Amino acid sequence: MSIVSVKDNKGEIMTGLGTIINSVSIIAGGLVGHFTGKLFRVEQQEALNKACGVSVLFIGIAGAMEGMLSIDGGKISSGKSMLVVLCLAIGTIIGELIGIEHGFESFGEWLKQKTGNSKDAEFVNAFVTASLTVSIGAMAIVGSIQDGLLHDYSTLAVKSVLDFIIIAVMTSSMGRGCAFSAIPVFAFEGSITLLAGLLSPVMTELALAYLSLVGSLLIFCIGVNLIWGKKVSVANMLPSVLLAVLAAYLPWGF
């Protein structure tokens, strides 16, 4: 059963409004973070970056635990370990072979030159990190499908508020490259909105649960990179999210 039901909607709300709102909120967050970041000394910006990393870590942990832990007979039990291992391992191999991280960085370098930020040494890292942070997650997919099918942008509107805060904080500590994460978000959510009719039947409740679990683990890895420097090539792990959706259609459970 699809998680999004198609309903008759005769309203005048334009398709894709949620994507536009989300993209604008990221740009606005970047502007706020850019100007407020100038008020902090270097050591304060570093401390803020670490605080942001800790926050992202726990957001990832919360999502992962929600997907892996369950209460049975008054006892907490864990599961889906095999799903996590297989999706992350196989997905990372695919991402490494394709070179997704390199693609992100190359696009970031192109943006860096075209936007007059060639002297910003942290631009590419800020762009890639922020892009992954605000793109990975079930809200982006479900919200975009709802926007495309029902012209209901409420989920993306809520996400926009969260992204505004996240990008404002990240920009103040990492630099203006974070604001340009609006570009991949616009492309990603806009594409899903346009293809909503095709994607809606695929996104069952189980598929969404698996996607949310694996996506939360990738968010955790982003937090690791924010606190300890780049340790994990998170972009190369993105195929894991697609594998998580496909795993929902296997004849055996996890």
# chains A, B, ... in the order shown; residues from 1 in each chain; ligands from 1
call {"tool": "select_by_dssp", "arguments": {"residues": "stretch 2-209 of chain A", "states": "helix (DSSP H, G or I)", "output": "number ranges by chain"}}
result
A: 17-37, 42-68, 81-98, 100-114, 123-135, 138-150, 154-174, 176-194, 196-199, 205-209
call {"tool": "select_by_dssp", "arguments": {"residues": "stretch 10-201 of chain A", "states": "strand (DSSP E or B)", "output": "list in words"}}
result
Leu69, Ser70, Ile71, Asp72, Lys75, Ile76, Ser77 and Ser78 of chain A
call {"tool": "write_last_selection", "arguments": {"atoms": "all heavy atoms", "output": "PDB file, in the first residue's frame"}}
result
ATOM      1  N   LEU A  69      15.005  -0.327  16.939  1.00  0.00           N
ATOM      2  CA  LEU A  69      14.554  -0.805  18.241  1.00  0.00           C
ATOM      3  C   LEU A  69      13.038  -0.975  18.286  1.00  0.00           C
ATOM      4  O   LEU A  69      12.293  -0.224  17.648  1.00  0.00           O
ATOM      5  CB  LEU A  69      14.975   0.168  19.346  1.00  0.00           C
ATOM      6  CG  LEU A  69      16.481   0.397  19.519  1.00  0.00           C
ATOM      7  CD1 LEU A  69      16.735   1.364  20.664  1.00  0.00           C
ATOM      8  CD2 LEU A  69      17.212  -0.916  19.743  1.00  0.00           C
ATOM      9  N   SER A  70      12.586  -1.960  19.029  1.00  0.00           N
ATOM     10  CA  SER A  70      11.158  -2.191  19.215  1.00  0.00           C
ATOM     11  C   SER A  70      10.929  -2.739  20.626  1.00  0.00           C
ATOM     12  O   SER A  70      11.849  -3.281  21.255  1.00  0.00           O
ATOM     13  CB  SER A  70      10.615  -3.182  18.172  1.00  0.00           C
ATOM     14  OG  SER A  70      11.264  -4.437  18.292  1.00  0.00           O
ATOM     15  N   ILE A  71       9.713  -2.578  21.123  1.00  0.00           N
ATOM     16  CA  ILE A  71       9.358  -3.075  22.450  1.00  0.00           C
ATOM     17  C   ILE A  71       8.481  -4.304  22.291  1.00  0.00           C
ATOM     18  O   ILE A  71       7.418  -4.255  21.683  1.00  0.00           O
ATOM     19  CB  ILE A  71       8.617  -1.998  23.267  1.00  0.00           C
ATOM     20  CG1 ILE A  71       9.518  -0.770  23.444  1.00  0.00           C
ATOM     21  CG2 ILE A  71       8.188  -2.553  24.624  1.00  0.00           C
ATOM     22  CD1 ILE A  71       8.853   0.364  24.192  1.00  0.00           C
ATOM     23  N   ASP A  72       8.948  -5.415  22.823  1.00  0.00           N
ATOM     24  CA  ASP A  72       8.216  -6.672  22.721  1.00  0.00           C
ATOM     25  C   ASP A  72       8.101  -7.288  24.105  1.00  0.00           C
ATOM     26  O   ASP A  72       9.094  -7.681  24.704  1.00  0.00           O
ATOM     27  CB  ASP A  72       8.946  -7.622  21.760  1.00  0.00           C
ATOM     28  CG  ASP A  72       8.182  -8.914  21.532  1.00  0.00           C
ATOM     29  OD1 ASP A  72       6.974  -8.951  21.852  1.00  0.00           O
ATOM     30  OD2 ASP A  72       8.792  -9.889  21.037  1.00  0.00           O
ATOM     31  N   LYS A  75      10.100  -5.613  26.823  1.00  0.00           N
ATOM     32  CA  LYS A  75      11.549  -5.610  26.653  1.00  0.00           C
ATOM     33  C   LYS A  75      11.917  -4.923  25.349  1.00  0.00           C
ATOM     34  O   LYS A  75      11.210  -5.041  24.348  1.00  0.00           O
ATOM     35  CB  LYS A  75      12.099  -7.042  26.662  1.00  0.00           C
ATOM     36  CG  LYS A  75      11.911  -7.776  27.975  1.00  0.00           C
ATOM     37  CD  LYS A  75      12.528  -9.161  27.908  1.00  0.00           C
ATOM     38  CE  LYS A  75      12.371  -9.899  29.237  1.00  0.00           C
ATOM     39  NZ  LYS A  75      12.969 -11.268  29.184  1.00  0.00           N
ATOM     40  N   ILE A  76      13.040  -4.211  25.375  1.00  0.00           N
ATOM     41  CA  ILE A  76      13.530  -3.540  24.173  1.00  0.00           C
ATOM     42  C   ILE A  76      14.403  -4.509  23.384  1.00  0.00           C
ATOM     43  O   ILE A  76      15.333  -5.101  23.929  1.00  0.00           O
ATOM     44  CB  ILE A  76      14.337  -2.285  24.537  1.00  0.00           C
ATOM     45  CG1 ILE A  76      13.453  -1.277  25.272  1.00  0.00           C
ATOM     46  CG2 ILE A  76      14.915  -1.648  23.276  1.00  0.00           C
ATOM     47  CD1 ILE A  76      14.200  -0.043  25.721  1.00  0.00           C
ATOM     48  N   SER A  77      14.091  -4.690  22.132  1.00  0.00           N
ATOM     49  CA  SER A  77      14.880  -5.568  21.271  1.00  0.00           C
ATOM     50  C   SER A  77      15.278  -4.807  20.015  1.00  0.00           C
ATOM     51  O   SER A  77      14.625  -3.838  19.623  1.00  0.00           O
ATOM     52  CB  SER A  77      14.072  -6.814  20.890  1.00  0.00           C
ATOM     53  OG  SER A  77      12.869  -6.457  20.225  1.00  0.00           O
ATOM     54  N   SER A  78      16.357  -5.233  19.408  1.00  0.00           N
ATOM     55  CA  SER A  78      16.849  -4.566  18.204  1.00  0.00           C
ATOM     56  C   SER A  78      16.738  -5.497  17.007  1.00  0.00           C
ATOM     57  O   SER A  78      16.671  -6.724  17.155  1.00  0.00           O
ATOM     58  CB  SER A  78      18.309  -4.121  18.386  1.00  0.00           C
ATOM     59  OG  SER A  78      19.142  -5.255  18.592  1.00  0.00           O
TER      60      SER A  78
END
call {"tool": "closest_residue", "arguments": {"among": "A:Gln45, A:Thr92, A:Ser55, A:Ser181", "to": "A:Phe123", "atoms": "only C-alpha atoms"}}
result
A:Ser181
call {"tool": "residues_around", "arguments": {"residues": "A:Ser154", "least_positions_apart": "5", "cutoff": "10 Å", "atoms": "only C-alpha atoms", "output": "NGL selection string"}}
result
:A and (17-18 or 143-144 or 146-147 or 159-160)
call {"tool": "write_last_selection", "arguments": {"atoms": "C-alpha atoms", "output": "mmCIF file, in the first residue's frame"}}
result
data_model
loop_
_atom_site.group_PDB
_atom_site.id
_atom_site.type_symbol
_atom_site.label_atom_id
_atom_site.label_comp_id
_atom_site.auth_asym_id
_atom_site.auth_seq_id
_atom_site.Cartn_x
_atom_site.Cartn_y
_atom_site.Cartn_z
ATOM 1 C CA LEU A 17 5.519 25.266 -4.415
ATOM 2 C CA GLY A 18 6.952 23.190 -1.558
ATOM 3 C CA GLY A 143 6.857 15.878 1.024
ATOM 4 C CA SER A 144 7.763 16.095 -2.655
ATOM 5 C CA GLN A 146 2.559 14.976 -1.636
ATOM 6 C CA ASP A 147 3.365 18.226 -3.394
ATOM 7 C CA LYS A 159 11.171 20.822 6.529
ATOM 8 C CA SER A 160 11.878 24.361 5.331
#
call {"tool": "residues_around", "arguments": {"residues": "stretch 214-231 of chain A", "least_positions_apart": "3", "cutoff": "8 Å", "atoms": "only C-alpha atoms", "output": "ChimeraX atom specification"}}
result
/A:49-50,52-64,84,87-88,129,132-133,136-138,210-211,234,237-238,240-241,244
call {"tool": "write_last_selection", "arguments": {"atoms": "N, CA and C atoms", "output": "mmCIF file, in the first residue's frame"}}
result
data_model
loop_
_atom_site.group_PDB
_atom_site.id
_atom_site.type_symbol
_atom_site.label_atom_id
_atom_site.label_comp_id
_atom_site.auth_asym_id
_atom_site.auth_seq_id
_atom_site.Cartn_x
_atom_site.Cartn_y
_atom_site.Cartn_z
ATOM 1 N N ASN A 49 30.535 24.955 15.120
ATOM 2 C CA ASN A 49 30.581 23.844 14.168
ATOM 3 C C ASN A 49 30.501 22.509 14.889
ATOM 4 N N LYS A 50 31.217 22.397 16.017
ATOM 5 C CA LYS A 50 31.180 21.166 16.806
ATOM 6 C C LYS A 50 29.784 20.952 17.391
ATOM 7 N N CYS A 52 27.004 21.982 16.143
ATOM 8 C CA CYS A 52 26.157 21.567 15.023
ATOM 9 C C CYS A 52 26.380 20.087 14.732
ATOM 10 N N GLY A 53 27.647 19.662 14.803
ATOM 11 C CA GLY A 53 27.969 18.254 14.565
ATOM 12 C C GLY A 53 27.322 17.339 15.582
ATOM 13 N N VAL A 54 27.360 17.734 16.853
ATOM 14 C CA VAL A 54 26.733 16.931 17.905
ATOM 15 C C VAL A 54 25.225 16.831 17.667
ATOM 16 N N SER A 55 24.617 17.946 17.272
ATOM 17 C CA SER A 55 23.178 17.947 16.996
ATOM 18 C C SER A 55 22.840 16.993 15.869
ATOM 19 N N VAL A 56 23.627 17.040 14.789
ATOM 20 C CA VAL A 56 23.390 16.154 13.644
ATOM 21 C C VAL A 56 23.589 14.696 14.039
ATOM 22 N N LEU A 57 24.600 14.442 14.883
ATOM 23 C CA LEU A 57 24.835 13.078 15.371
ATOM 24 C C LEU A 57 23.587 12.517 16.052
ATOM 25 N N PHE A 58 23.015 13.292 16.946
ATOM 26 C CA PHE A 58 21.877 12.791 17.708
ATOM 27 C C PHE A 58 20.602 12.726 16.876
ATOM 28 N N ILE A 59 20.485 13.585 15.867
ATOM 29 C CA ILE A 59 19.354 13.452 14.942
ATOM 30 C C ILE A 59 19.453 12.121 14.210
ATOM 31 N N GLY A 60 20.672 11.789 13.779
ATOM 32 C CA GLY A 60 20.887 10.509 13.111
ATOM 33 C C GLY A 60 20.656 9.326 14.029
ATOM 34 N N ILE A 61 21.152 9.428 15.259
ATOM 35 C CA ILE A 61 20.979 8.346 16.224
ATOM 36 C C ILE A 61 19.501 8.115 16.521
ATOM 37 N N ALA A 62 18.758 9.208 16.716
ATOM 38 C CA ALA A 62 17.331 9.091 17.033
ATOM 39 C C ALA A 62 16.575 8.388 15.918
ATOM 40 N N GLY A 63 16.870 8.765 14.669
ATOM 41 C CA GLY A 63 16.205 8.138 13.538
ATOM 42 C C GLY A 63 16.570 6.677 13.392
ATOM 43 N N ALA A 64 17.840 6.363 13.607
ATOM 44 C CA ALA A 64 18.289 4.980 13.485
ATOM 45 C C ALA A 64 17.695 4.095 14.585
ATOM 46 N N VAL A 84 20.958 -3.065 7.538
ATOM 47 C CA VAL A 84 21.909 -1.966 7.649
ATOM 48 C C VAL A 84 23.250 -2.344 7.040
ATOM 49 N N CYS A 87 22.922 -2.901 3.058
ATOM 50 C CA CYS A 87 22.663 -1.662 2.322
ATOM 51 C C CYS A 87 23.879 -0.742 2.333
ATOM 52 N N LEU A 88 24.489 -0.576 3.506
ATOM 53 C CA LEU A 88 25.643 0.320 3.600
ATOM 54 C C LEU A 88 26.852 -0.234 2.851
ATOM 55 N N THR A 129 28.752 19.079 2.508
ATOM 56 C CA THR A 129 28.215 18.700 3.818
ATOM 57 C C THR A 129 26.785 19.190 3.997
ATOM 58 N N LEU A 132 24.196 17.333 1.650
ATOM 59 C CA LEU A 132 23.833 16.000 2.131
ATOM 60 C C LEU A 132 22.936 16.090 3.354
ATOM 61 N N THR A 133 23.217 17.041 4.239
ATOM 62 C CA THR A 133 22.443 17.174 5.475
ATOM 63 C C THR A 133 20.976 17.470 5.194
ATOM 64 N N ILE A 136 19.171 14.312 2.518
ATOM 65 C CA ILE A 136 18.927 12.937 2.958
ATOM 66 C C ILE A 136 17.789 12.921 3.976
ATOM 67 N N GLY A 137 16.827 12.076 3.757
ATOM 68 C CA GLY A 137 15.737 11.946 4.727
ATOM 69 C C GLY A 137 14.399 11.703 4.067
ATOM 70 N N ALA A 138 13.501 11.132 4.852
ATOM 71 C CA ALA A 138 12.185 10.767 4.323
ATOM 72 C C ALA A 138 11.312 11.982 4.055
ATOM 73 N N TYR A 210 12.427 1.668 5.910
ATOM 74 C CA TYR A 210 13.807 1.266 5.596
ATOM 75 C C TYR A 210 14.630 2.473 5.133
ATOM 76 N N LEU A 211 14.032 3.313 4.291
ATOM 77 C CA LEU A 211 14.724 4.505 3.804
ATOM 78 C C LEU A 211 15.088 5.426 4.957
ATOM 79 N N VAL A 234 30.423 10.409 2.675
ATOM 80 C CA VAL A 234 28.992 10.142 2.804
ATOM 81 C C VAL A 234 28.297 10.112 1.451
ATOM 82 N N MET A 237 27.962 6.909 -0.167
ATOM 83 C CA MET A 237 27.068 5.962 0.503
ATOM 84 C C MET A 237 25.606 6.165 0.095
ATOM 85 N N LEU A 238 25.332 7.171 -0.734
ATOM 86 C CA LEU A 238 23.950 7.485 -1.109
ATOM 87 C C LEU A 238 23.193 6.331 -1.772
ATOM 88 N N SER A 240 22.984 3.507 -0.858
ATOM 89 C CA SER A 240 22.439 2.692 0.226
ATOM 90 C C SER A 240 20.960 3.008 0.457
ATOM 91 N N VAL A 241 20.580 4.272 0.260
ATOM 92 C CA VAL A 241 19.192 4.686 0.467
ATOM 93 C C VAL A 241 18.290 4.021 -0.566
ATOM 94 N N ALA A 244 17.852 0.424 0.247
ATOM 95 C CA ALA A 244 16.927 0.251 1.374
ATOM 96 C C ALA A 244 15.485 0.185 0.879
#
call {"tool": "atom_distance", "arguments": {"atom1": "atom CA of A:Phe35", "atom2": "atom CA of A:Gln113"}}
result
21.4 Å
call {"tool": "closest_residue", "arguments": {"among": "A:Ile100, A:Val245, A:Leu156, A:Met174", "to": "A:Asp120", "atoms": "only C-alpha atoms"}}
result
A:Met174
call {"tool": "atom_distance", "arguments": {"atom1": "atom CA of A:Gly99", "atom2": "atom CA of A:Ser23"}}
result
25.8 Å
call {"tool": "closest_residue", "arguments": {"among": "A:Ile141, A:Ala247, A:Leu206, A:Met170", "to": "A:Asn125", "atoms": "only C-alpha atoms"}}
result
A:Met170
call {"tool": "residues_around", "arguments": {"residues": "A:Asn22", "least_positions_apart": "5", "cutoff": "12 Å", "atoms": "only C-alpha atoms", "output": "count of residues only"}}
result
37
call {"tool": "atom_distance", "arguments": {"atom1": "atom CA of A:Ile94", "atom2": "atom CA of A:Lys112"}}
result
27.3 Å
call {"tool": "residues_around", "arguments": {"residues": "A:Arg176", "least_positions_apart": "3", "cutoff": "8 Å", "atoms": "only C-alpha atoms", "output": "count of residues only"}}
result
9
call {"tool": "decode", "arguments": {"residues": "stretch 33-151 of chain A", "atoms": "C-alpha atoms", "output": "PDB file, in the first residue's frame"}}
result
ATOM      1  CA  GLY A  33      24.276  32.583   8.871  1.00  0.00           C
ATOM      2  CA  HIS A  34      26.688  34.536   6.663  1.00  0.00           C
ATOM      3  CA  PHE A  35      26.043  37.855   8.381  1.00  0.00           C
ATOM      4  CA  THR A  36      25.753  36.519  11.926  1.00  0.00           C
ATOM      5  CA  GLY A  37      28.864  34.387  11.463  1.00  0.00           C
ATOM      6  CA  LYS A  38      30.941  37.545  11.114  1.00  0.00           C
ATOM      7  CA  LEU A  39      30.074  38.386  14.717  1.00  0.00           C
ATOM      8  CA  PHE A  40      31.989  35.338  16.020  1.00  0.00           C
ATOM      9  CA  ARG A  41      35.709  34.843  16.434  1.00  0.00           C
ATOM     10  CA  VAL A  42      37.388  31.868  14.743  1.00  0.00           C
ATOM     11  CA  GLU A  43      37.405  29.761  17.908  1.00  0.00           C
ATOM     12  CA  GLN A  44      33.730  30.542  18.471  1.00  0.00           C
ATOM     13  CA  GLN A  45      32.904  29.483  14.918  1.00  0.00           C
ATOM     14  CA  GLU A  46      34.765  26.219  15.494  1.00  0.00           C
ATOM     15  CA  ALA A  47      32.830  25.636  18.709  1.00  0.00           C
ATOM     16  CA  LEU A  48      29.568  26.318  16.866  1.00  0.00           C
ATOM     17  CA  ASN A  49      30.581  23.844  14.168  1.00  0.00           C
ATOM     18  CA  LYS A  50      31.180  21.166  16.806  1.00  0.00           C
ATOM     19  CA  ALA A  51      27.821  21.933  18.417  1.00  0.00           C
ATOM     20  CA  CYS A  52      26.157  21.567  15.023  1.00  0.00           C
ATOM     21  CA  GLY A  53      27.969  18.254  14.565  1.00  0.00           C
ATOM     22  CA  VAL A  54      26.733  16.931  17.905  1.00  0.00           C
ATOM     23  CA  SER A  55      23.178  17.947  16.996  1.00  0.00           C
ATOM     24  CA  VAL A  56      23.390  16.154  13.644  1.00  0.00           C
ATOM     25  CA  LEU A  57      24.835  13.078  15.371  1.00  0.00           C
ATOM     26  CA  PHE A  58      21.877  12.791  17.708  1.00  0.00           C
ATOM     27  CA  ILE A  59      19.354  13.452  14.942  1.00  0.00           C
ATOM     28  CA  GLY A  60      20.887  10.509  13.111  1.00  0.00           C
ATOM     29  CA  ILE A  61      20.979   8.346  16.224  1.00  0.00           C
ATOM     30  CA  ALA A  62      17.331   9.091  17.033  1.00  0.00           C
ATOM     31  CA  GLY A  63      16.205   8.138  13.538  1.00  0.00           C
ATOM     32  CA  ALA A  64      18.289   4.980  13.485  1.00  0.00           C
ATOM     33  CA  MET A  65      17.124   3.824  16.910  1.00  0.00           C
ATOM     34  CA  GLU A  66      13.510   4.429  15.958  1.00  0.00           C
ATOM     35  CA  GLY A  67      13.988   2.096  13.014  1.00  0.00           C
ATOM     36  CA  MET A  68      16.044  -0.598  14.749  1.00  0.00           C
ATOM     37  CA  LEU A  69      14.554  -0.805  18.241  1.00  0.00           C
ATOM     38  CA  SER A  70      11.158  -2.191  19.215  1.00  0.00           C
ATOM     39  CA  ILE A  71       9.358  -3.075  22.450  1.00  0.00           C
ATOM     40  CA  ASP A  72       8.216  -6.672  22.721  1.00  0.00           C
ATOM     41  CA  GLY A  73       6.675  -7.922  25.927  1.00  0.00           C
ATOM     42  CA  GLY A  74       8.007  -4.990  27.893  1.00  0.00           C
ATOM     43  CA  LYS A  75      11.549  -5.610  26.653  1.00  0.00           C
ATOM     44  CA  ILE A  76      13.530  -3.540  24.173  1.00  0.00           C
ATOM     45  CA  SER A  77      14.880  -5.568  21.271  1.00  0.00           C
ATOM     46  CA  SER A  78      16.849  -4.566  18.204  1.00  0.00           C
ATOM     47  CA  GLY A  79      16.619  -5.695  14.613  1.00  0.00           C
ATOM     48  CA  LYS A  80      17.335  -4.905  10.967  1.00  0.00           C
ATOM     49  CA  SER A  81      21.088  -5.264  11.534  1.00  0.00           C
ATOM     50  CA  MET A  82      21.445  -7.300   8.340  1.00  0.00           C
ATOM     51  CA  LEU A  83      19.542  -4.649   6.390  1.00  0.00           C
ATOM     52  CA  VAL A  84      21.909  -1.966   7.649  1.00  0.00           C
ATOM     53  CA  VAL A  85      25.069  -3.945   6.918  1.00  0.00           C
ATOM     54  CA  LEU A  86      24.039  -5.035   3.419  1.00  0.00           C
ATOM     55  CA  CYS A  87      22.663  -1.662   2.322  1.00  0.00           C
ATOM     56  CA  LEU A  88      25.643   0.320   3.600  1.00  0.00           C
ATOM     57  CA  ALA A  89      28.266  -2.132   2.334  1.00  0.00           C
ATOM     58  CA  ILE A  90      26.830  -2.696  -1.137  1.00  0.00           C
ATOM     59  CA  GLY A  91      25.678   0.903  -1.484  1.00  0.00           C
ATOM     60  CA  THR A  92      29.122   2.245  -0.591  1.00  0.00           C
ATOM     61  CA  ILE A  93      30.800  -0.039  -3.134  1.00  0.00           C
ATOM     62  CA  ILE A  94      28.430   1.217  -5.831  1.00  0.00           C
ATOM     63  CA  GLY A  95      29.008   4.830  -4.810  1.00  0.00           C
ATOM     64  CA  GLU A  96      32.780   4.401  -4.809  1.00  0.00           C
ATOM     65  CA  LEU A  97      32.717   2.841  -8.287  1.00  0.00           C
ATOM     66  CA  ILE A  98      30.506   5.616  -9.649  1.00  0.00           C
ATOM     67  CA  GLY A  99      32.452   8.335  -7.833  1.00  0.00           C
ATOM     68  CA  ILE A 100      29.490  10.258  -6.419  1.00  0.00           C
ATOM     69  CA  GLU A 101      31.617  12.145  -3.881  1.00  0.00           C
ATOM     70  CA  HIS A 102      33.962  13.271  -6.636  1.00  0.00           C
ATOM     71  CA  GLY A 103      30.979  14.469  -8.661  1.00  0.00           C
ATOM     72  CA  PHE A 104      29.700  16.523  -5.740  1.00  0.00           C
ATOM     73  CA  GLU A 105      33.130  18.021  -5.163  1.00  0.00           C
ATOM     74  CA  SER A 106      33.629  18.804  -8.858  1.00  0.00           C
ATOM     75  CA  PHE A 107      30.298  20.614  -8.969  1.00  0.00           C
ATOM     76  CA  GLY A 108      31.251  22.418  -5.767  1.00  0.00           C
ATOM     77  CA  GLU A 109      34.540  23.520  -7.330  1.00  0.00           C
ATOM     78  CA  TRP A 110      32.663  24.778 -10.395  1.00  0.00           C
ATOM     79  CA  LEU A 111      30.266  26.736  -8.177  1.00  0.00           C
ATOM     80  CA  LYS A 112      33.180  28.069  -6.188  1.00  0.00           C
ATOM     81  CA  GLN A 113      34.754  29.566  -9.299  1.00  0.00           C
ATOM     82  CA  LYS A 114      31.542  30.806 -10.926  1.00  0.00           C
ATOM     83  CA  THR A 115      30.253  32.518  -7.772  1.00  0.00           C
ATOM     84  CA  GLY A 116      33.448  34.399  -7.006  1.00  0.00           C
ATOM     85  CA  ASN A 117      34.365  32.300  -3.960  1.00  0.00           C
ATOM     86  CA  SER A 118      37.678  30.980  -5.272  1.00  0.00           C
ATOM     87  CA  LYS A 119      39.502  32.239  -2.159  1.00  0.00           C
ATOM     88  CA  ASP A 120      37.181  30.368   0.213  1.00  0.00           C
ATOM     89  CA  ALA A 121      39.105  27.208   1.103  1.00  0.00           C
ATOM     90  CA  GLU A 122      36.124  25.671   2.910  1.00  0.00           C
ATOM     91  CA  PHE A 123      33.537  26.375   0.192  1.00  0.00           C
ATOM     92  CA  VAL A 124      33.435  22.889  -1.342  1.00  0.00           C
ATOM     93  CA  ASN A 125      33.382  21.053   1.990  1.00  0.00           C
ATOM     94  CA  ALA A 126      30.628  23.369   3.257  1.00  0.00           C
ATOM     95  CA  PHE A 127      28.585  22.873   0.082  1.00  0.00           C
ATOM     96  CA  VAL A 128      28.857  19.073   0.076  1.00  0.00           C
ATOM     97  CA  THR A 129      28.215  18.700   3.818  1.00  0.00           C
ATOM     98  CA  ALA A 130      25.212  21.016   3.844  1.00  0.00           C
ATOM     99  CA  SER A 131      23.762  19.495   0.667  1.00  0.00           C
ATOM    100  CA  LEU A 132      23.833  16.000   2.131  1.00  0.00           C
ATOM    101  CA  THR A 133      22.443  17.174   5.475  1.00  0.00           C
ATOM    102  CA  VAL A 134      19.318  18.780   4.013  1.00  0.00           C
ATOM    103  CA  SER A 135      18.759  16.296   1.166  1.00  0.00           C
ATOM    104  CA  ILE A 136      18.927  12.937   2.958  1.00  0.00           C
ATOM    105  CA  GLY A 137      15.737  11.946   4.727  1.00  0.00           C
ATOM    106  CA  ALA A 138      12.185  10.767   4.323  1.00  0.00           C
ATOM    107  CA  MET A 139      10.644  14.229   4.658  1.00  0.00           C
ATOM    108  CA  ALA A 140      12.139  15.363   1.349  1.00  0.00           C
ATOM    109  CA  ILE A 141      10.762  12.361  -0.541  1.00  0.00           C
ATOM    110  CA  VAL A 142       7.339  12.117   1.068  1.00  0.00           C
ATOM    111  CA  GLY A 143       6.857  15.878   1.024  1.00  0.00           C
ATOM    112  CA  SER A 144       7.763  16.095  -2.655  1.00  0.00           C
ATOM    113  CA  ILE A 145       5.361  13.278  -3.565  1.00  0.00           C
ATOM    114  CA  GLN A 146       2.559  14.976  -1.636  1.00  0.00           C
ATOM    115  CA  ASP A 147       3.365  18.226  -3.394  1.00  0.00           C
ATOM    116  CA  GLY A 148       3.270  16.569  -6.798  1.00  0.00           C
ATOM    117  CA  LEU A 149       0.109  14.520  -6.313  1.00  0.00           C
ATOM    118  CA  LEU A 150      -1.989  16.563  -3.910  1.00  0.00           C
ATOM    119  CA  HIS A 151      -0.492  20.055  -4.194  1.00  0.00           C
TER     120      HIS A 151
END
